[in-house]
Structure formats: C-alpha cells, structure tokens
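The next block is data31.txt, given as compact mmCIF, C-alpha atoms and all ligand atoms.
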# COMPACT_ATOMS: atom_id res chain seq x y z
CA MET A 12 127.69 44.60 11.82
CA SER A 13 129.96 41.83 13.04
CA HIS A 14 128.18 41.58 16.40
CA HIS A 15 129.62 38.41 17.73
CA ILE A 16 133.12 38.09 16.40
CA VAL A 17 135.74 37.72 19.11
CA GLU A 18 139.09 39.10 18.01
CA VAL A 19 142.19 39.02 20.14
CA ARG A 20 145.33 40.71 18.81
CA ASP A 21 148.82 40.61 20.31
CA LEU A 22 147.35 40.29 23.80
CA ALA A 23 149.85 40.22 26.64
CA HIS A 24 149.41 40.16 30.40
CA THR A 25 152.02 40.19 33.14
CA TYR A 26 150.81 39.84 36.74
CA ALA A 27 152.03 42.24 39.44
CA ASP A 28 154.60 39.70 40.67
CA GLY A 29 156.23 39.66 37.22
CA THR A 30 154.67 36.41 35.89
CA ALA A 31 154.20 36.81 32.13
CA ALA A 32 151.05 34.70 31.80
CA VAL A 33 150.01 35.73 28.27
CA ARG A 34 152.75 36.71 25.83
CA GLY A 35 151.26 37.94 22.56
CA ILE A 36 148.15 35.94 21.69
CA SER A 37 146.12 36.51 18.51
CA PHE A 38 143.05 34.74 17.08
CA ARG A 39 139.63 35.43 15.60
CA ILE A 40 136.47 33.50 16.43
CA HIS A 41 133.33 33.89 14.33
CA HIS A 42 129.68 33.87 15.31
CA GLY A 43 128.46 30.36 16.12
CA GLU A 44 131.91 28.77 16.37
CA SER A 45 132.64 26.41 19.23
CA VAL A 46 136.31 26.67 20.14
CA ALA A 47 138.36 24.89 22.80
CA VAL A 48 141.32 26.52 24.51
CA ILE A 49 143.62 23.82 25.83
CA GLY A 50 147.05 23.73 27.41
CA ALA A 51 148.94 22.37 30.39
CA ASN A 52 148.56 23.86 33.89
CA GLY A 53 149.79 27.45 33.86
CA ALA A 54 149.67 27.78 30.05
CA GLY A 55 147.62 30.99 30.35
CA LYS A 56 144.07 29.78 29.59
CA SER A 57 142.31 31.45 32.54
CA THR A 58 144.28 34.67 32.11
CA LEU A 59 143.25 34.78 28.45
CA LEU A 60 139.58 34.07 29.21
CA LEU A 61 139.44 36.74 31.92
CA HIS A 62 140.14 39.27 29.15
CA LEU A 63 137.14 38.18 27.07
CA ASN A 64 134.55 39.74 29.40
CA GLY A 65 136.77 42.49 30.75
CA THR A 66 137.56 40.99 34.15
CA LEU A 67 141.10 41.86 33.04
CA THR A 68 141.68 44.71 30.58
CA PRO A 69 144.51 44.43 28.05
CA GLN A 70 147.89 45.73 29.20
CA SER A 71 148.99 45.50 25.60
CA GLY A 72 147.20 44.31 22.48
CA THR A 73 143.46 44.45 21.91
CA VAL A 74 140.29 42.45 22.49
CA ARG A 75 137.30 43.20 20.24
CA ILE A 76 133.83 41.80 20.73
CA GLY A 77 131.86 42.47 17.56
CA ASP A 78 132.42 46.06 16.54
CA PHE A 79 133.65 47.22 19.93
CA PRO A 80 137.15 47.19 21.40
CA LEU A 81 137.11 46.18 25.05
CA THR A 82 137.56 49.38 27.07
CA LYS A 83 136.12 50.79 30.30
CA GLU A 84 133.47 52.55 28.21
CA THR A 85 132.29 49.39 26.40
CA LEU A 86 132.55 47.08 29.39
CA ARG A 87 128.86 47.16 30.31
CA ASP A 88 127.68 46.27 26.81
CA ILE A 89 130.35 43.62 26.39
CA ARG A 90 129.32 41.92 29.64
CA ARG A 91 125.78 41.62 28.28
CA THR A 92 127.12 39.95 25.15
CA VAL A 93 129.70 37.69 26.78
CA GLY A 94 128.57 35.33 29.54
CA MET A 95 131.48 34.07 31.61
CA ILE A 96 131.46 30.88 33.65
CA PHE A 97 134.43 31.17 35.99
CA GLN A 98 136.76 28.33 36.95
CA ASP A 99 135.68 28.57 40.60
CA PRO A 100 131.88 28.77 41.06
CA ASP A 101 132.45 30.51 44.41
CA ASP A 102 133.63 33.54 42.38
CA GLN A 103 130.18 33.68 40.78
CA LEU A 104 127.73 32.90 43.61
CA PHE A 105 127.16 35.31 46.47
CA MET A 106 123.40 35.66 47.11
CA PRO A 107 121.45 33.94 49.95
CA THR A 108 119.59 31.57 47.59
CA VAL A 109 120.13 29.97 44.21
CA ALA A 110 117.08 31.76 42.74
CA GLU A 111 118.40 35.14 43.89
CA ASP A 112 121.79 34.41 42.38
CA VAL A 113 120.20 33.52 39.03
CA ALA A 114 117.95 36.61 39.22
CA PHE A 115 120.83 38.97 40.05
CA GLY A 116 122.03 39.59 36.48
CA PRO A 117 118.59 40.06 34.87
CA LEU A 118 117.55 42.41 37.73
CA ASN A 119 120.70 44.44 37.07
CA LEU A 120 119.66 44.76 33.45
CA GLY A 121 116.58 46.56 34.77
CA LEU A 122 114.12 43.91 33.58
CA PRO A 123 110.65 43.81 35.19
CA ALA A 124 110.12 41.29 38.00
CA ASP A 125 107.85 38.95 35.99
CA GLU A 126 110.38 38.78 33.13
CA VAL A 127 113.15 38.10 35.67
CA GLU A 128 111.13 35.25 37.18
CA ILE A 129 110.55 33.72 33.74
CA ARG A 130 114.28 33.86 33.04
CA VAL A 131 115.11 32.31 36.42
CA GLN A 132 112.67 29.43 35.91
CA ARG A 133 113.90 28.85 32.37
CA ALA A 134 117.60 28.90 33.31
CA LEU A 135 117.10 26.54 36.27
CA ALA A 136 115.06 24.17 34.10
CA ARG A 137 117.65 24.16 31.30
CA VAL A 138 120.32 23.08 33.76
CA GLY A 139 117.94 20.69 35.56
CA ILE A 140 118.20 22.26 39.02
CA GLU A 141 114.72 23.66 39.76
CA HIS A 142 114.80 21.69 43.03
CA LEU A 143 117.76 23.77 44.25
CA ARG A 144 116.15 27.19 43.85
CA ALA A 145 115.61 27.92 47.57
CA ARG A 146 118.94 26.48 48.71
CA PRO A 147 121.89 28.65 49.82
CA PRO A 148 124.59 28.28 47.14
CA TYR A 149 127.42 27.97 49.67
CA LYS A 150 125.86 24.74 51.01
CA LEU A 151 125.77 23.01 47.61
CA SER A 152 128.17 20.39 46.30
CA GLY A 153 130.86 21.39 43.80
CA GLY A 154 128.87 20.01 40.85
CA GLU A 155 125.65 21.68 42.01
CA LYS A 156 127.47 25.00 42.35
CA ARG A 157 128.81 24.57 38.82
CA ALA A 158 125.26 24.02 37.54
CA VAL A 159 124.03 27.15 39.36
CA SER A 160 126.85 29.25 37.93
CA ILE A 161 125.87 28.07 34.43
CA ALA A 162 122.24 29.01 35.16
CA THR A 163 123.27 32.52 36.30
CA VAL A 164 124.92 33.03 32.92
CA LEU A 165 122.10 31.48 30.84
CA ALA A 166 119.61 33.82 32.57
CA MET A 167 121.44 36.72 30.92
CA SER A 168 120.86 35.24 27.43
CA PRO A 169 124.42 35.96 26.30
CA ASP A 170 125.40 35.69 22.64
CA ILE A 171 128.83 34.36 23.51
CA LEU A 172 129.48 31.83 26.25
CA VAL A 173 133.00 31.72 27.72
CA MET A 174 133.67 28.85 30.09
CA ASP A 175 136.68 28.02 32.23
CA GLU A 176 136.74 24.30 33.09
CA PRO A 177 132.95 23.82 32.91
CA SER A 178 133.10 20.05 33.56
CA ALA A 179 135.36 20.22 36.62
CA ASN A 180 133.80 18.48 39.65
CA LEU A 181 130.89 17.05 37.69
CA ASP A 182 129.95 13.39 38.09
CA PRO A 183 129.66 11.42 34.81
CA ARG A 184 125.90 11.93 34.48
CA ALA A 185 126.08 15.66 35.23
CA ARG A 186 128.98 15.96 32.78
CA ARG A 187 126.95 14.24 30.07
CA MET A 188 124.02 16.58 30.77
CA LEU A 189 126.35 19.58 30.53
CA ILE A 190 127.68 18.40 27.17
CA ALA A 191 124.12 17.91 25.87
CA LEU A 192 123.15 21.35 27.17
CA LEU A 193 126.12 23.05 25.54
CA ALA A 194 125.63 21.14 22.30
CA GLY A 195 122.15 22.70 22.13
CA PHE A 196 123.49 26.23 22.69
CA GLN A 197 123.59 27.68 19.18
CA HIS A 198 125.74 30.72 19.85
CA THR A 199 129.48 31.15 20.08
CA LYS A 200 131.23 29.02 22.72
CA ILE A 201 134.79 29.34 23.98
CA ILE A 202 135.75 26.60 26.40
CA ALA A 203 139.04 26.33 28.32
CA THR A 204 139.38 22.81 29.62
CA HIS A 205 141.56 19.82 30.45
CA ASP A 206 138.59 17.57 29.52
CA LEU A 207 139.74 16.73 26.01
CA ASP A 208 136.92 14.21 25.54
CA LEU A 209 134.47 17.08 26.08
CA VAL A 210 136.42 19.00 23.41
CA LEU A 211 135.91 16.08 21.00
CA ASP A 212 132.16 16.26 21.65
CA LEU A 213 131.71 20.03 21.42
CA CYS A 214 134.52 21.88 19.64
CA PRO A 215 135.45 21.44 15.97
CA ARG A 216 138.28 23.98 16.48
CA THR A 217 140.99 24.00 19.14
CA ILE A 218 143.55 26.60 20.19
CA VAL A 219 146.56 25.15 22.01
CA LEU A 220 148.34 27.45 24.45
CA HIS A 221 151.82 26.83 25.76
CA GLU A 222 153.68 29.19 28.09
CA GLY A 223 151.40 32.09 27.23
CA ARG A 224 151.57 31.70 23.46
CA VAL A 225 149.42 30.05 20.78
CA MET A 226 151.18 26.81 19.88
CA ALA A 227 148.51 25.69 17.38
CA ASP A 228 145.07 26.77 16.17
CA GLY A 229 143.11 24.48 13.88
CA PRO A 230 140.70 21.58 13.48
CA THR A 231 140.42 19.57 16.70
CA ALA A 232 140.73 16.26 14.83
CA ALA A 233 144.09 17.31 13.35
CA ILE A 234 145.43 18.64 16.65
CA PHE A 235 144.48 15.52 18.62
CA THR A 236 146.30 13.26 16.18
CA ASP A 237 149.46 15.41 16.10
CA ASP A 238 151.40 13.57 18.80
CA PRO A 239 154.61 15.69 18.51
CA LEU A 240 152.53 18.87 18.95
CA LEU A 241 150.72 17.37 21.94
CA ALA A 242 154.03 16.31 23.51
CA ARG A 243 155.58 19.77 22.97
CA SER A 244 152.52 21.29 24.65
CA HIS A 245 152.68 18.78 27.55
CA LEU A 246 149.32 17.30 26.53
CA GLU A 247 148.05 13.82 25.72
CA ARG A 248 145.38 12.52 23.37
CA PRO A 249 141.84 12.43 24.78
CA LEU A 250 141.17 9.16 26.63
CA ARG A 251 138.73 8.12 23.91
CA MET A 252 141.54 8.31 21.34
CA GLN A 253 144.14 6.47 23.38
CA ALA A 254 144.97 2.85 22.71
CA CYS A 255 142.95 0.45 24.85
CA PRO A 256 145.05 -2.55 26.02
CA ARG A 257 141.96 -4.54 27.14
CA CYS A 258 140.15 -4.47 23.83
CA ALA A 259 143.33 -4.21 21.69
CA ARG A 260 141.95 -1.05 20.15
CA SER A 261 144.43 1.34 18.56
CA GLY A 262 144.34 5.06 19.43
CA ASP A 263 143.89 5.81 15.71
CA ASP A 264 140.61 3.89 15.50
CA PRO A 265 137.48 6.00 15.23
CA PRO A 266 136.67 7.22 18.73
CA GLU A 267 133.08 5.87 18.75
CA GLY A 268 134.15 2.23 19.31
CA ILE A 269 135.17 2.57 22.94
CA SER A 270 131.77 3.67 24.20
CA SER A 271 130.35 0.15 24.01
CA PHE A 272 133.34 -1.41 25.83
CA GLN A 273 132.16 -2.98 29.08
CA PRO A 274 134.86 -4.08 31.55
CA SER A 275 134.16 -7.63 32.72
N1 LIG B 301 146.86 36.43 40.24
C1 LIG B 301 148.04 35.95 39.79
N2 LIG B 301 149.20 36.48 40.19
C2 LIG B 301 150.38 36.03 39.71
N3 LIG B 301 150.50 35.01 38.83
C3 LIG B 301 149.37 34.45 38.41
C4 LIG B 301 148.07 34.87 38.86
N4 LIG B 301 147.14 34.10 38.25
C5 LIG B 301 147.81 33.24 37.48
N5 LIG B 301 149.15 33.44 37.55
C6 LIG B 301 150.21 32.73 36.85
O1 LIG B 301 150.02 32.96 35.46
C7 LIG B 301 150.33 31.79 34.71
C8 LIG B 301 149.11 31.40 33.89
O2 LIG B 301 148.07 31.04 34.80
P1 LIG B 301 146.61 30.68 34.29
O3 LIG B 301 145.78 30.50 35.50
O4 LIG B 301 146.19 31.67 33.27
O5 LIG B 301 146.91 29.28 33.57
P2 LIG B 301 145.89 28.12 33.14
O6 LIG B 301 146.32 27.67 31.79
O7 LIG B 301 144.49 28.59 33.29
O8 LIG B 301 146.24 27.03 34.23
P3 LIG B 301 145.35 25.82 34.87
O9 LIG B 301 145.15 24.81 33.79
O10 LIG B 301 146.24 25.30 35.96
O11 LIG B 301 144.05 26.43 35.38
C9 LIG B 301 150.75 30.74 35.72
O12 LIG B 301 152.16 30.74 35.79
C10 LIG B 301 150.16 31.23 37.03
O13 LIG B 301 150.94 30.82 38.13
Starting from the coordinates I provided, produce the structure as structure tokens.
Amino acid sequence: MSHHIVEVRDLAHTYADGTAAVRGISFRIHHGESVAVIGANGAGKSTLLLHLNGTLTPQSGTVRIGDFPLTKETLRDIRRTVGMIFQDPDDQLFMPTVAEDVAFGPLNLGLPADEVEIRVQRALARVGIEHLRARPPYKLSGGEKRAVSIATVLAMSPDILVMDEPSANLDPRARRMLIALLAGFQHTKIIATHDLDLVLDLCPRTIVLHEGRVMADGPTAAIFTDDPLLARSHLERPLRMQACPRCARSGDDPPEGISSFQPS
C-alpha cells in the first residue's frame, strides 16, 4: 500500500467572491520527501495546503493521501495521517492551557489518559516548551504560540507534516531550533514558506506557485539558481545565496561561506 503518497491532480479552487486561488495544480510527493511550496503573496500556497488535510475539499480535481481520495468519508482517517500547522496559530489553539491544547487531539483519538499524558510531555519536550504547559495559549507570544501549535500536531504522531509558514514570528534561536526539529522528523514534510533559507536547510525539492499554477517543480538547488524563473515568479534568491557586498562574495559561491561572516 502506498500509505503516505500525497497526490494532487488538476486541483482548482475559487473562493465565494470569485477569486480563482488555485487553477489546476498537479504533483506527487512520496513517503519521506521534504518539499517546499514557495511563491509570492497570493500565489495560492495556503489555499493549496488547506486541501491536504481536508480543511477545504476539492471543487474540481482530486487529492489522494496514500490509497484514499480525500472525501467526507475519508476525512477522519486522513486527518490522523496529515498533521497541519496553520499559518495563524490562533486558528489552532483554543483550550484554557497549553497542556490541554496539546492533549486535545490524542484525547479525541480515544487514547487512555496515561498515554495522552505521555504524548503531551513528549511533544512539549520535543519543541522545548515544557515550561509553558500551564499557561493560557492566548497570553503567549507569537513565537511561543507557534511552538505550541507544532506540539499539538506532533502529539498526534502524524505520518505527513504540512506546515504553512512555520518560521513566521520566530526569533533566530527559535527558528534554528525549529529547523533542527524538522530536520529530525523522518516522515514526509510539505512546507509553504517565504523563508527560502529554511528551504535550503530542509527541502531538497521545491514547488513554485505563481497565480494559482505550478510554475516549476524540481530540485531546490536548480530552482534557486534559475534567476529568470525566480523573477517571473516574483521571488528572489535566498539571502544566503545573494551576493554579499561587504565580503565581496558572489551569490553563486557555495552558501556555507556566509555563516562565518561577522560584521565589524
Ligand atoms: N477566504 C478567502 N476569500 C476570498 N479570497 C481569498 C480567501 N483566502 C485567500 N483568498 C485569495 O486567494 C488568493 C490566494 O491566497 P492564498 O492565501 O492561498 O495565497 P498565499 O500564497 O498563501 O499567500 P501569502 O504568501 O500572502 O500567505 C489570493 O488572491 C487571496 O486574496
């Protein structure tokens, strides 16, 4: 069985006000792949991702997760397989405390209380936020809320992790911790982001969206050096690959060099 393949075929979505956000998108992602979805503001990334766990159901085209097409009947199973980290953590957090928010999903699976507690402790520890467990989520900072929303998804042990802007609002240290955490997550990852340096760290494959369509789909290294493609998609190279006037480094140099550059 092809449990964890994500297949999107000819997917289209037009919002009620007539905005055609996704206009015929197709791709296939295999088990264990780590794939970035990039594109300018309004390119259709969030709309696409909302279809991958059934928050939106296809108006036309199909979404398959493993052997199952996404339908009302398969929604429950698909939501166990696909963990979704939403763009706005406030869409994900609604319980009185962090621990209750992280426990919510496992409790809904019908797991016994001791197993739920183990999952809560483990998820909070993986994200490094055990100290927040008794806090009300709505009083946390943006970065802390992001970390809690990641913990709520990890507690469900999903096979596929879908993330919309996971590094938004994170300070540099928290961002680095997130990248390390995600690098250690062995299963399939699909990450929509404007953080192209994070893409360099985590995603060997990138899908470029432009005006609701797939503009390119291929190795990240090739896409990030294709300046005409980036310009057509209203994107720029990751900062790490841009020329550095202070150290006279060219944008084509290997990206590692810049990390040791210390401004005087
Ligand atoms: N609920 C909605 N109703 C109407 N139009 C919407 C709605 N949500 C998004 N859109 C529109 O659909 C298009 C795609 O939006 P979407 O949020 O999918 O893009 P995105 O690539 O995720 O953008 P960003 O990088 O700014 O988050 C945009 O033109 C947006 O204005």
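The neighbours of A:Leu67 here are the residues that come within 9 Å of it, using all atoms listed in the file and leaving out any residue fewer than 5 positions away in the same chain; they are His24, Thr58, Leu59, Leu60, Leu61 and His62 of chain A.
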- Item | All residues having an atom within 10 Å of ligand LIG 301 (chain B) (only C-alpha atoms and all ligand atoms) as a ChimeraX atom specification | /A:24-33,48-61,98,175-176,203-205,220-223
Just C-alpha atoms for this one: save the residues we selected as a short mmCIF file (atom, residue, chain, number, x, y, z; two decimals), keeping the file's coordinate frame.
data_model
loop_
_atom_site.label_atom_id
_atom_site.label_comp_id
_atom_site.auth_asym_id
_atom_site.auth_seq_id
_atom_site.Cartn_x
_atom_site.Cartn_y
_atom_site.Cartn_z
CA HIS A 24 149.41 40.16 30.40
CA THR A 25 152.02 40.19 33.14
CA TYR A 26 150.81 39.84 36.74
CA ALA A 27 152.03 42.24 39.44
CA ASP A 28 154.60 39.70 40.67
CA GLY A 29 156.23 39.66 37.22
CA THR A 30 154.67 36.41 35.89
CA ALA A 31 154.20 36.81 32.13
CA ALA A 32 151.05 34.70 31.80
CA VAL A 33 150.01 35.73 28.27
CA VAL A 48 141.32 26.52 24.51
CA ILE A 49 143.62 23.82 25.83
CA GLY A 50 147.05 23.73 27.41
CA ALA A 51 148.94 22.37 30.39
CA ASN A 52 148.56 23.86 33.89
CA GLY A 53 149.79 27.45 33.86
CA ALA A 54 149.67 27.78 30.05
CA GLY A 55 147.62 30.99 30.35
CA LYS A 56 144.07 29.78 29.59
CA SER A 57 142.31 31.45 32.54
CA THR A 58 144.28 34.67 32.11
CA LEU A 59 143.25 34.78 28.45
CA LEU A 60 139.58 34.07 29.21
CA LEU A 61 139.44 36.74 31.92
CA GLN A 98 136.76 28.33 36.95
CA ASP A 175 136.68 28.02 32.23
CA GLU A 176 136.74 24.30 33.09
CA ALA A 203 139.04 26.33 28.32
CA THR A 204 139.38 22.81 29.62
CA HIS A 205 141.56 19.82 30.45
CA LEU A 220 148.34 27.45 24.45
CA HIS A 221 151.82 26.83 25.76
CA GLU A 222 153.68 29.19 28.09
CA GLY A 223 151.40 32.09 27.23
#
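Summary of the local environment: counting all atoms listed in the file, residues at most 9 Å from A:Arg90, other than itself and those fewer than 4 positions away along its chain, are A:Asn64, A:Gly65, A:Thr85, A:Leu86, A:Gly94, A:Met95, A:Pro169.
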- Message: I need the residue nearest A:Ala47 from this list: A:Ile161, A:Ala179, A:Ile202, A:Leu211. Use only C-alpha atoms for the distance.
- Response: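 Using only C-alpha atoms, A:Ala47 sits closest to A:Ile202.
Separating atom CA of A:Leu172 from atom CA of A:Lys200 is a distance of 4.8 Å.
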- Task: Would you mind reading off the distance between atom CA of A:Lys156 and atom CA of A:Met188, one decimal, in Å?
- Result: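 Rounded to one decimal, the two atoms are 14.7 Å apart.
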- Item | Residue with smallest distance to A:Asp99 - pool A:Lys83, A:Arg157, A:His42, A:Arg133, counting only C-alpha atoms |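 Residue with the minimum atom-to-atom distance to A:Asp99: A:Arg157.
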- Query: With distances taken over all atoms listed in the file, which of A:Arg216, A:His142, A:His245, A:Arg137 is nearest to A:Leu192?
  - Reply: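 With all atoms listed in the file as the atom set, the closest residue is A:Arg137.
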- From A:Ile40, A:Val46, A:Leu118, A:Leu151, residue lying nearest A:Cys214 [all atoms listed in the file]: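 Between A:Ile40, A:Val46, A:Leu118, A:Leu151, the residue approaching A:Cys214 most closely is A:Val46.
Across the structure, atom CA of A:Thr66 and atom CA of A:Gly35 are spaced 18.2 Å apart.
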- Task: Could you check which of A:Pro230, A:Asp206, A:Ile96, A:Asp112 is closest to A:Val164, using only C-alpha atoms?
- Result: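 Of the candidates, the smallest distance to A:Val164 is held by A:Ile96.
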- Note on the structure: Of A:Leu81, A:Ala227, A:Leu181, A:Ala145, the one nearest to A:Met106 when counting only C-alpha atoms is A:Ala145
- Query: Do you know which residues are at most 12 Å from stretch 119-124 of chain A counting all atoms listed in the file, after dropping those on the same chain fewer than 3 positions away, and could you put them as a VMD selection string?
  - Reply: chain A and resid 87 to 88 90 to 91 111 to 116 127 to 131 166 to 168
